[in-house]
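Q: Before I ask anything, here is the structure I am working with.
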Amino acid sequence: MTVPNLSRAEGFFDLYGGVPFAQSAQVDHQFFGDPAVSPRPAPISVTKDLDFSTSWTAGGRVGYWFNALPWLGLAADLSYFERKGSGAKIDLVPLSFLVMLRYPMLTSDSFPKGRL
């Protein structure tokens, strides 16, 4: 009876957070009136200057580097970003899928995948 060699590659998990720098923005929004009232409603445009306050962002990433292809990895990143302004609040929850490449630098017999 034989047992195959068990091996695993480099899995990882990251957490991050920070404070984004707030900037003011000009927001333009265009919408059309009720078509039940007028068959060809004219567009209505609204423009507003927003001063955003400082907020926060946080997220996490989980990924995996392959042993068979040590230069290739896959990951998924989920984060949260909030921006509040005068009369507006924006909440974003982006989910990103990543294909990662790396080049081994400062390789040696002790560190075949590189120190950097």
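In the structure tokens, chains take the letters A, B, ... in the order shown, each chain's residues start at 1, and ligands count up from 1 in the order shown.
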Could you pull out all residues of range 51-87 of chain A with a DSSP call of strand (DSSP E) and give them as a list of chain:residue names?
A: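 In range 51-87 of chain A, DSSP puts these residues in strand (DSSP E): A:Thr57, A:Ala58, A:Gly59, A:Gly60, A:Arg61, A:Val62, A:Gly63, A:Tyr64, A:Trp65, A:Leu72, A:Gly73, A:Leu74, A:Ala75, A:Ala76, A:Asp77, A:Leu78, A:Ser79, A:Tyr80, A:Phe81, A:Glu82, A:Arg83, A:Lys84, A:Gly85.
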Q: So that I can check the surroundings of Phe66 in chain A, please list as an NGL selection string every protein, DNA and RNA residue that reaches within 12 Å of it, counting only C-alpha atoms and ignoring chain neighbours fewer than 4 positions away.
A: :A and (7-12 or 70-75 or 99-102 or 113)
Q: Report as a CSV table (one decimal) with N, CA and C atoms, in the first residue's frame all protein, DNA and RNA residues lying within 10 Å of Lys84 in chain A, evaluated on only C-alpha atoms, omitting residues in the same chain fewer than 3 positions from it.
A:
chain,number,residue,atom,x,y,z
A,22,ALA,N,-10.6,62.8,1.8
A,22,ALA,CA,-11.8,63.3,1.2
A,22,ALA,C,-11.6,64.4,0.3
A,50,LEU,N,-20.7,68.6,-3.7
A,50,LEU,CA,-20.7,67.9,-2.4
A,50,LEU,C,-19.4,68.0,-1.8
A,51,ASP,N,-19.4,68.3,-0.5
A,51,ASP,CA,-18.1,68.3,0.3
A,51,ASP,C,-18.2,67.0,1.2
A,52,PHE,N,-17.3,66.1,0.9
A,52,PHE,CA,-17.3,64.8,1.6
A,52,PHE,C,-16.4,64.9,2.8
A,53,SER,N,-16.9,64.2,3.9
A,53,SER,CA,-16.1,64.2,5.1
A,53,SER,C,-15.2,63.0,5.1
A,54,THR,N,-14.2,62.9,5.9
A,54,THR,CA,-13.3,61.8,6.0
A,54,THR,C,-14.0,60.6,6.5
A,55,SER,N,-13.8,59.5,5.9
A,55,SER,CA,-14.5,58.2,6.3
A,55,SER,C,-13.4,57.1,6.5
A,87,GLY,N,-25.9,65.9,2.2
A,87,GLY,CA,-27.0,65.4,1.4
A,87,GLY,C,-26.8,64.1,0.6
A,88,ALA,N,-25.7,63.5,0.8
A,88,ALA,CA,-25.4,62.2,0.1
A,88,ALA,C,-24.6,61.3,0.9
A,89,LYS,N,-24.8,60.0,0.7
A,89,LYS,CA,-24.1,58.9,1.3
A,89,LYS,C,-23.8,57.8,0.3
A,90,ILE,N,-22.6,57.4,0.1
A,90,ILE,CA,-22.2,56.4,-0.9
A,90,ILE,C,-21.6,55.2,-0.1
A,91,ASP,N,-22.1,54.1,-0.3
A,91,ASP,CA,-21.6,52.8,0.3
A,91,ASP,C,-21.2,51.9,-0.9
Q: Which residues are close to Asp28 in chain A, i.e. within 7 Å by only C-alpha atoms, leaving aside same-chain residues fewer than 2 positions away? Reply as a PyMOL selection string.
A: chain A and resi 26+30+46-48
Q: Would you mind exporting the chosen residues as a PDB file, in the first residue's frame, restricted to C-alpha atoms?
A:
ATOM      1  CA  GLN A  26     -19.584  67.893  -8.441  1.00  0.00           C
ATOM      2  CA  GLN A  30     -30.228  63.625 -15.380  1.00  0.00           C
ATOM      3  CA  VAL A  46     -29.618  68.468 -11.396  1.00  0.00           C
ATOM      4  CA  THR A  47     -26.075  69.489 -10.448  1.00  0.00           C
ATOM      5  CA  LYS A  48     -24.826  69.653  -6.869  1.00  0.00           C
TER       6      LYS A  48
END
Q: Looking at A:Pro112, A:Leu78, A:Gly85, A:Val19, which one is nearest to Leu98 in chain A, with distances taken over only C-alpha atoms?
A: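 Comparing A:Pro112, A:Leu78, A:Gly85, A:Val19 against Leu98 in chain A, the winner is A:Leu78.
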Q: What is the CA of Ile44 in chain A-CA of Phe31 in chain A distance in Å, reported with one decimal?
A: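 One can read the CA of Ile44 in chain A to CA of Phe31 in chain A distance as 5.4 Å.
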